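*Asks:* Below is the structure I would like to discuss, written out as structure tokens.
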Amino acid sequence: MTALDDRPTFETTAPTTGLGLLMAALAEKEAADPRALQIQTGASQAMGCRAESLWRLLGIPESDPRLRLDAWIGKAAHAAAERALKGRPGLLVEHRAVYRGVPCTIDLGNITANLLSDWKFPRLSKIVWMQKYGIGSGYRGQLHMGAAALRAEGHQIDRVSLVCLPRDGEFDDAWEYSEPFSQEIADEAADRVAQENARAAEMAGILDRFEMHTVDARTAEIRHAIDMWDLRDEDHFFCRQFCSRVTDCRGPEGKYPTADDPVLIEAAQQYAAATWQKREAEALLEEWRPHLEGVKRIALDDGTKIAWSGGNPKVDEVEDLDRVRREYELVCGPIPTKQVTKTTAVSLRVTFPKKPAGVGDV
């Protein structure tokens with residue numbers, strides 16, 4: 001990639017604000033990233049949404065390209081980790097390998113410790129969720145396929161781990177999940193990629209056979225196939241929020257109706273204003289809280305009292321479910337599972353194009 005000074009097309013169209021300039025430059029750099037241009041499924045995508053895989057493998061451009069701040073932060077943190085670890089003996093850092101034709105990028109292969117580790121930089125809430133419910137098949141497939149790729153190169157990898165550092169927390173909040181290497185999980189992920197490749201080849205044949213060469217015709221036929229094969233592995237909210245192919249895959253989102261009831265408009269305005277004030281207040285709480293560390297309690301002139309509570313050791317008797325699981329599996333084998341239908345919590349989201357009218361700084 002050339003320097004900014006060597007990009008006349010960028011310079012002539014670049015915004016004049018600092019934020020606009022940064023966003024435009026990052027979007028341009030992201031669009032030219034080899035990973036963004038890659039059509040082939042990699043280890044990190046092996047257990048992802050099958051519908052997204054089909055669009056990508058068929059070479060259909062993204063209908064909703066977007067620059068995600070969390071992805072940018074993750075890339076920057078990966079680069080910092082690579083600089084800190086690169087060149088140390090016994091370590092493979094950002095190492096490229098292949099397993100059964102699937103490209104794998106290994107964040108860290110600790111050859112000395114027979115360990116493969118992958119870095120993730122999620123929100124702290126996501127870490128807490130994974131600690132309770134597990135890391136999921138997507139992460140596990142990526143880890144074990146990477147380990148299988150290193151083993152294919154002759155390295156002895158016995159364990160894999162997912163290292164999570166919260167981008168909105170502290171290093172003390174970091175967490176590492178580890179488990180023994182599983183050839184079965186690695187092959188399951190590789191089989192999934194092979195199936196997706198075969199499906200994409202079948203779909204490409206259908207498009208050519210019926211001479212669907214226009215963008216609209218190809219998009220409609222692929223969407224029909226996704227509906228017929230039931231390939232969407234994420235819910236509607238996730239797709240609209242995060243997927244860069246959602247318009248092609250699910251169709252254009254219907255416009256929200258404009259309210260004409262004065263009472264409804266007033267309620268919406270008040271709710272939006274209160275939501276903005278809540279965000280400002282939470283930001284101020286986070287800013288000033290560290291200044292009160294170590295102060296047990298403090299009284300203000302107006303009678304307001306602020307004091308810390310909690311932090312005391314507490315011993316409870318709880319059921320040792322981990323032991324129950326181990327002993328059950330030792331005698332009876334894997335614990336049986338059942339399907340449970342749950343309803344997600346209902347929430348009212350507010351999306352701000354700018355600060356609501358009438359809301360001042362807190």
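Residues are referred to by chain and number: the chain letter is A, B, ... according to the order shown in the structure tokens, the number counts from 1 in that chain, and ligands are numbered separately from 1 in the order shown.
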So that I can see what lies close to Trp55 in chain A, please list as a list in words the residues with an atom at most 10 Å from it, counting only C-alpha atoms and leaving out residues fewer than 6 positions away in the same chain.
*Replies:*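 The residues that qualify are Ile39, Pro61, Glu62, Ala200, Thr219, Ile222, Arg223, Ile226, Arg245, Asp248 and Cys249 of chain A.
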*Asks:* Atoms to include: C-alpha atoms. Write the selected residues as a PDB file, in the first residue's frame.
*Replies:*
```pdb
ATOM      1  CA  ILE A  39     -12.768 -15.489  -1.158  1.00  0.00           C
ATOM      2  CA  PRO A  61     -19.314  -8.230  -3.686  1.00  0.00           C
ATOM      3  CA  GLU A  62     -20.505  -7.173  -0.249  1.00  0.00           C
ATOM      4  CA  ALA A 200     -20.842 -23.132  -3.858  1.00  0.00           C
ATOM      5  CA  THR A 219     -28.739 -12.238  -6.187  1.00  0.00           C
ATOM      6  CA  ILE A 222     -28.794 -17.202  -4.484  1.00  0.00           C
ATOM      7  CA  ARG A 223     -31.202 -15.794  -1.900  1.00  0.00           C
ATOM      8  CA  ILE A 226     -30.355 -19.918   0.862  1.00  0.00           C
ATOM      9  CA  ARG A 245     -24.033  -9.031   3.048  1.00  0.00           C
ATOM     10  CA  ASP A 248     -28.390  -9.324  -0.531  1.00  0.00           C
ATOM     11  CA  CYS A 249     -29.066 -12.201   1.853  1.00  0.00           C
TER      12      CYS A 249
END
```
*Asks:* Neighbours of Thr351 in chain A within 10 Å (only C-alpha atoms; same-chain residues fewer than 2 positions away dropped), as a list in words?
*Replies:*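 The residues satisfying every condition are Ala272, Thr275, Trp276, Arg349, Pro353 and Lys354 of chain A.
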*Asks:* Would you mind listing what lies within 12 Å of Leu231 in chain A as a PyMOL selection string, with only C-alpha atoms counted and same-chain residues fewer than 2 positions away left out?
*Replies:* chain A and resi 48-55+196+199+222-229+233-235+249-250
*Asks:* Between CA of Glu211 in chain A and CA of Arg192 in chain A, what is the distance in Å, rounded to a tenth?
*Replies:*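 Here the two named atoms are 28.5 Å from each other.
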*Asks:* Looking at only C-alpha atoms, which of A:Thr214, A:Thr41, A:Gln142, A:Ser125 is the one that sits closest to Ala186 in chain A?
*Replies:*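 Under the stated criterion, the closest residue is A:Gln142.
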*Asks:* Using only C-alpha atoms, determine which residues lie at most 10 Å from Ile127 in chain A, disregarding the query and same-chain residues fewer than 3 positions distant; provide the list as a VMD selection string.
*Replies:* chain A and resid 120 to 124 130 to 135 164 to 166 173 to 176
*Asks:* Do you know which residues are at most 10 Å from range 307-313 of chain A counting only C-alpha atoms, after dropping those on the same chain fewer than 4 positions away, and could you put them as a PDB file with N, CA and C atoms, in the first residue's frame?
*Replies:*
```pdb
ATOM      1  N   LEU A 292     -11.686   7.649  43.192  1.00  0.00           N
ATOM      2  CA  LEU A 292     -12.156   7.342  44.548  1.00  0.00           C
ATOM      3  C   LEU A 292     -11.630   6.012  45.072  1.00  0.00           C
ATOM      4  N   GLU A 293     -10.772   5.350  44.288  1.00  0.00           N
ATOM      5  CA  GLU A 293     -10.183   4.094  44.744  1.00  0.00           C
ATOM      6  C   GLU A 293      -9.397   4.341  46.030  1.00  0.00           C
ATOM      7  N   GLY A 294      -9.594   3.480  47.011  1.00  0.00           N
ATOM      8  CA  GLY A 294      -8.860   3.594  48.268  1.00  0.00           C
ATOM      9  C   GLY A 294      -9.531   4.485  49.298  1.00  0.00           C
ATOM     10  N   VAL A 295     -10.544   5.253  48.896  1.00  0.00           N
ATOM     11  CA  VAL A 295     -11.281   6.094  49.849  1.00  0.00           C
ATOM     12  C   VAL A 295     -12.515   5.322  50.302  1.00  0.00           C
ATOM     13  N   LYS A 296     -12.528   4.909  51.566  1.00  0.00           N
ATOM     14  CA  LYS A 296     -13.605   4.021  52.014  1.00  0.00           C
ATOM     15  C   LYS A 296     -14.953   4.724  51.954  1.00  0.00           C
ATOM     16  N   ARG A 297     -15.004   5.970  52.462  1.00  0.00           N
ATOM     17  CA  ARG A 297     -16.259   6.730  52.394  1.00  0.00           C
ATOM     18  C   ARG A 297     -15.925   8.211  52.435  1.00  0.00           C
ATOM     19  N   ILE A 298     -16.839   9.016  51.883  1.00  0.00           N
ATOM     20  CA  ILE A 298     -16.641  10.461  51.872  1.00  0.00           C
ATOM     21  C   ILE A 298     -18.002  11.135  51.962  1.00  0.00           C
ATOM     22  N   ALA A 299     -18.073  12.249  52.728  1.00  0.00           N
ATOM     23  CA  ALA A 299     -19.315  13.005  52.879  1.00  0.00           C
ATOM     24  C   ALA A 299     -19.141  14.373  52.236  1.00  0.00           C
TER      25      ALA A 299
END
```
*Asks:* Quick one: residues within 6 Å of range 99-113 of chain A, only C-alpha atoms, excluding same-chain residues fewer than 3 positions away - as an NGL selection string?
*Replies:* :A and (42-43 or 90-96 or 116-118 or 146 or 149)
*Asks:* Show which residues sit within 10 Å of Glu184 in chain A, as a list in words. Count only C-alpha atoms, and ignore same-chain residues fewer than 5 positions away.
*Replies:*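 My list of contacting residues is Gly141, His144, Met145, Ala189 and Ala190 of chain A.
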*Asks:* I need the residues in range 68-124 of chain A that are strand (DSSP E) according to DSSP; give them as a list in words.
*Replies:* Leu91, Leu92, Val93, Glu94, His95, Arg96, Ala97, Val98, Tyr99, Val102, Pro103, Cys104, Thr105, Ile106, Asp107, Leu108, Gly109, Asn110, Leu115, Leu116, Ser117, Asp118, Trp119 and Lys120 of chain A
*Asks:* Now that the selection is made, can you save its residues with N, CA and C atoms as a PDB file, in the first residue's frame?
*Replies:*
```
ATOM      1  N   LEU A  91       8.772 -19.857  19.433  1.00  0.00           N
ATOM      2  CA  LEU A  91       7.434 -19.334  19.169  1.00  0.00           C
ATOM      3  C   LEU A  91       7.222 -19.129  17.671  1.00  0.00           C
ATOM      4  N   LEU A  92       6.045 -19.512  17.207  1.00  0.00           N
ATOM      5  CA  LEU A  92       5.594 -19.182  15.857  1.00  0.00           C
ATOM      6  C   LEU A  92       4.502 -18.132  16.007  1.00  0.00           C
ATOM      7  N   VAL A  93       4.741 -16.935  15.504  1.00  0.00           N
ATOM      8  CA  VAL A  93       3.827 -15.816  15.692  1.00  0.00           C
ATOM      9  C   VAL A  93       3.225 -15.413  14.347  1.00  0.00           C
ATOM     10  N   GLU A  94       1.885 -15.300  14.301  1.00  0.00           N
ATOM     11  CA  GLU A  94       1.179 -14.984  13.050  1.00  0.00           C
ATOM     12  C   GLU A  94       1.691 -15.893  11.930  1.00  0.00           C
ATOM     13  N   HIS A  95       1.697 -17.162  12.222  1.00  0.00           N
ATOM     14  CA  HIS A  95       2.253 -18.174  11.315  1.00  0.00           C
ATOM     15  C   HIS A  95       1.165 -18.667  10.362  1.00  0.00           C
ATOM     16  N   ARG A  96       1.476 -18.737   9.083  1.00  0.00           N
ATOM     17  CA  ARG A  96       0.523 -19.231   8.084  1.00  0.00           C
ATOM     18  C   ARG A  96       0.742 -20.720   7.873  1.00  0.00           C
ATOM     19  N   ALA A  97      -0.329 -21.492   7.955  1.00  0.00           N
ATOM     20  CA  ALA A  97      -0.270 -22.934   7.745  1.00  0.00           C
ATOM     21  C   ALA A  97      -1.549 -23.361   7.038  1.00  0.00           C
ATOM     22  N   VAL A  98      -1.604 -24.617   6.615  1.00  0.00           N
ATOM     23  CA  VAL A  98      -2.759 -25.130   5.870  1.00  0.00           C
ATOM     24  C   VAL A  98      -3.121 -26.505   6.411  1.00  0.00           C
ATOM     25  N   TYR A  99      -4.429 -26.736   6.576  1.00  0.00           N
ATOM     26  CA  TYR A  99      -4.892 -28.082   6.944  1.00  0.00           C
ATOM     27  C   TYR A  99      -6.008 -28.498   5.992  1.00  0.00           C
ATOM     28  N   VAL A 102      -7.376 -25.828   3.859  1.00  0.00           N
ATOM     29  CA  VAL A 102      -7.949 -24.653   4.512  1.00  0.00           C
ATOM     30  C   VAL A 102      -6.818 -23.811   5.106  1.00  0.00           C
ATOM     31  N   PRO A 103      -6.684 -22.550   4.693  1.00  0.00           N
ATOM     32  CA  PRO A 103      -5.629 -21.708   5.256  1.00  0.00           C
ATOM     33  C   PRO A 103      -5.903 -21.369   6.716  1.00  0.00           C
ATOM     34  N   CYS A 104      -4.861 -21.439   7.521  1.00  0.00           N
ATOM     35  CA  CYS A 104      -4.970 -21.158   8.951  1.00  0.00           C
ATOM     36  C   CYS A 104      -3.910 -20.127   9.330  1.00  0.00           C
ATOM     37  N   THR A 105      -4.305 -19.088  10.024  1.00  0.00           N
ATOM     38  CA  THR A 105      -3.352 -18.129  10.566  1.00  0.00           C
ATOM     39  C   THR A 105      -3.257 -18.375  12.064  1.00  0.00           C
ATOM     40  N   ILE A 106      -2.090 -18.824  12.514  1.00  0.00           N
ATOM     41  CA  ILE A 106      -1.887 -19.155  13.921  1.00  0.00           C
ATOM     42  C   ILE A 106      -1.331 -17.922  14.623  1.00  0.00           C
ATOM     43  N   ASP A 107      -2.089 -17.399  15.587  1.00  0.00           N
ATOM     44  CA  ASP A 107      -1.607 -16.233  16.325  1.00  0.00           C
ATOM     45  C   ASP A 107      -0.330 -16.574  17.084  1.00  0.00           C
ATOM     46  N   LEU A 108      -0.350 -17.692  17.797  1.00  0.00           N
ATOM     47  CA  LEU A 108       0.828 -18.091  18.568  1.00  0.00           C
ATOM     48  C   LEU A 108       0.921 -19.607  18.624  1.00  0.00           C
ATOM     49  N   GLY A 109       2.017 -20.140  18.090  1.00  0.00           N
ATOM     50  CA  GLY A 109       2.338 -21.549  18.269  1.00  0.00           C
ATOM     51  C   GLY A 109       3.504 -21.644  19.238  1.00  0.00           C
ATOM     52  N   ASN A 110       3.206 -22.027  20.462  1.00  0.00           N
ATOM     53  CA  ASN A 110       4.257 -22.163  21.486  1.00  0.00           C
ATOM     54  C   ASN A 110       4.820 -23.573  21.369  1.00  0.00           C
ATOM     55  N   LEU A 115       1.706 -25.920  22.623  1.00  0.00           N
ATOM     56  CA  LEU A 115       0.444 -25.204  22.787  1.00  0.00           C
ATOM     57  C   LEU A 115       0.194 -24.250  21.624  1.00  0.00           C
ATOM     58  N   LEU A 116      -1.038 -24.234  21.124  1.00  0.00           N
ATOM     59  CA  LEU A 116      -1.480 -23.216  20.167  1.00  0.00           C
ATOM     60  C   LEU A 116      -2.430 -22.273  20.884  1.00  0.00           C
ATOM     61  N   SER A 117      -2.211 -20.962  20.705  1.00  0.00           N
ATOM     62  CA  SER A 117      -3.081 -19.964  21.326  1.00  0.00           C
ATOM     63  C   SER A 117      -3.575 -18.991  20.269  1.00  0.00           C
ATOM     64  N   ASP A 118      -4.810 -18.554  20.445  1.00  0.00           N
ATOM     65  CA  ASP A 118      -5.395 -17.555  19.556  1.00  0.00           C
ATOM     66  C   ASP A 118      -5.841 -16.374  20.405  1.00  0.00           C
ATOM     67  N   TRP A 119      -5.539 -15.149  19.927  1.00  0.00           N
ATOM     68  CA  TRP A 119      -5.909 -13.947  20.669  1.00  0.00           C
ATOM     69  C   TRP A 119      -7.281 -13.461  20.240  1.00  0.00           C
ATOM     70  N   LYS A 120      -8.086 -13.078  21.207  1.00  0.00           N
ATOM     71  CA  LYS A 120      -9.355 -12.411  20.920  1.00  0.00           C
ATOM     72  C   LYS A 120      -9.459 -11.193  21.832  1.00  0.00           C
TER      73      LYS A 120
END
```
*Asks:* CA of Ala147 in chain A to CA of Asn114 in chain A: how many Å, to one decimal?
*Replies:*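 Answer for the CA of Ala147 in chain A to CA of Asn114 in chain A separation: 9.6 Å.
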*Asks:* As a list in words, please: all residues of range 208-244 of chain A that backbone DSSP puts in helix (DSSP H, G or I).
*Replies:*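 Selecting the helix (DSSP H, G or I) positions of range 208-244 of chain A gives Asp208, Arg209, Val215, Asp216, Ala217, Arg218, Thr219, Ala220, Glu221, Ile222, Arg223, His224, Ala225, Ile226, Asp227, Met228, Trp229, His236, Phe237, Phe238, Cys239, Arg240, Gln241 and Phe242 of chain A.
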*Asks:* Keeping only N, CA and C atoms, write those residues as an mmCIF file, in the first residue's frame.
*Replies:*
```
data_model
loop_
_atom_site.group_PDB
_atom_site.id
_atom_site.type_symbol
_atom_site.label_atom_id
_atom_site.label_comp_id
_atom_site.auth_asym_id
_atom_site.auth_seq_id
_atom_site.Cartn_x
_atom_site.Cartn_y
_atom_site.Cartn_z
ATOM 1 N N ASP A 208 -24.858 -20.603 -13.978
ATOM 2 C CA ASP A 208 -24.384 -20.661 -15.371
ATOM 3 C C ASP A 208 -25.378 -21.394 -16.269
ATOM 4 N N ARG A 209 -25.962 -22.473 -15.751
ATOM 5 C CA ARG A 209 -26.867 -23.282 -16.550
ATOM 6 C C ARG A 209 -28.090 -22.483 -16.992
ATOM 7 N N VAL A 215 -26.626 -8.925 -12.082
ATOM 8 C CA VAL A 215 -26.472 -8.902 -10.627
ATOM 9 C C VAL A 215 -27.800 -9.217 -9.942
ATOM 10 N N ASP A 216 -28.880 -8.604 -10.399
ATOM 11 C CA ASP A 216 -30.180 -8.812 -9.754
ATOM 12 C C ASP A 216 -30.628 -10.266 -9.871
ATOM 13 N N ALA A 217 -30.437 -10.860 -11.040
ATOM 14 C CA ALA A 217 -30.869 -12.241 -11.246
ATOM 15 C C ALA A 217 -30.058 -13.201 -10.374
ATOM 16 N N ARG A 218 -28.754 -13.003 -10.319
ATOM 17 C CA ARG A 218 -27.902 -13.877 -9.516
ATOM 18 C C ARG A 218 -28.233 -13.728 -8.030
ATOM 19 N N THR A 219 -28.424 -12.479 -7.596
ATOM 20 C CA THR A 219 -28.739 -12.238 -6.187
ATOM 21 C C THR A 219 -30.046 -12.904 -5.793
ATOM 22 N N ALA A 220 -31.070 -12.755 -6.628
ATOM 23 C CA ALA A 220 -32.378 -13.349 -6.325
ATOM 24 C C ALA A 220 -32.294 -14.866 -6.275
ATOM 25 N N GLU A 221 -31.544 -15.475 -7.187
ATOM 26 C CA GLU A 221 -31.445 -16.930 -7.213
ATOM 27 C C GLU A 221 -30.657 -17.456 -6.020
ATOM 28 N N ILE A 222 -29.585 -16.770 -5.645
ATOM 29 C CA ILE A 222 -28.794 -17.202 -4.484
ATOM 30 C C ILE A 222 -29.619 -17.077 -3.207
ATOM 31 N N ARG A 223 -30.361 -15.972 -3.086
ATOM 32 C CA ARG A 223 -31.202 -15.794 -1.900
ATOM 33 C C ARG A 223 -32.266 -16.879 -1.838
ATOM 34 N N HIS A 224 -32.827 -17.239 -2.990
ATOM 35 C CA HIS A 224 -33.821 -18.313 -3.032
ATOM 36 C C HIS A 224 -33.197 -19.638 -2.575
ATOM 37 N N ALA A 225 -31.974 -19.902 -3.021
ATOM 38 C CA ALA A 225 -31.296 -21.142 -2.622
ATOM 39 C C ALA A 225 -31.012 -21.151 -1.129
ATOM 40 N N ILE A 226 -30.619 -20.010 -0.578
ATOM 41 C CA ILE A 226 -30.355 -19.918 0.862
ATOM 42 C C ILE A 226 -31.622 -20.180 1.655
ATOM 43 N N ASP A 227 -32.744 -19.651 1.175
ATOM 44 C CA ASP A 227 -34.032 -19.926 1.826
ATOM 45 C C ASP A 227 -34.367 -21.411 1.744
ATOM 46 N N MET A 228 -34.191 -21.988 0.568
ATOM 47 C CA MET A 228 -34.557 -23.385 0.343
ATOM 48 C C MET A 228 -33.685 -24.318 1.168
ATOM 49 N N TRP A 229 -32.373 -24.023 1.229
ATOM 50 C CA TRP A 229 -31.442 -24.888 1.962
ATOM 51 C C TRP A 229 -31.332 -24.525 3.446
ATOM 52 N N HIS A 236 -31.939 -12.607 12.820
ATOM 53 C CA HIS A 236 -32.184 -11.395 12.041
ATOM 54 C C HIS A 236 -31.458 -10.197 12.633
ATOM 55 N N PHE A 237 -31.484 -10.059 13.951
ATOM 56 C CA PHE A 237 -30.844 -8.902 14.585
ATOM 57 C C PHE A 237 -29.342 -8.906 14.337
ATOM 58 N N PHE A 238 -28.705 -10.067 14.505
ATOM 59 C CA PHE A 238 -27.263 -10.158 14.296
ATOM 60 C C PHE A 238 -26.913 -9.771 12.856
ATOM 61 N N CYS A 239 -27.678 -10.294 11.915
ATOM 62 C CA CYS A 239 -27.387 -10.009 10.501
ATOM 63 C C CYS A 239 -27.482 -8.516 10.215
ATOM 64 N N ARG A 240 -28.565 -7.872 10.656
ATOM 65 C CA ARG A 240 -28.753 -6.449 10.388
ATOM 66 C C ARG A 240 -27.678 -5.615 11.076
ATOM 67 N N GLN A 241 -27.202 -6.086 12.212
ATOM 68 C CA GLN A 241 -26.238 -5.302 12.986
ATOM 69 C C GLN A 241 -24.810 -5.467 12.486
ATOM 70 N N PHE A 242 -24.446 -6.686 12.031
ATOM 71 C CA PHE A 242 -23.038 -6.971 11.803
ATOM 72 C C PHE A 242 -22.681 -7.440 10.392
#
```
*Asks:* Have a look at CA of Ala152 in chain A and CA of Pro334 in chain A and let me know their distance in Å, one decimal.
*Replies:* 29.1 Å
*Asks:* So, with only C-alpha atoms as the atoms that count, which of A:Ile157, A:Ile185, A:Asp320, A:Tyr177 lies closest to Val128 in chain A?
*Replies:*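 So, comparing all the options, the nearest one is A:Tyr177.
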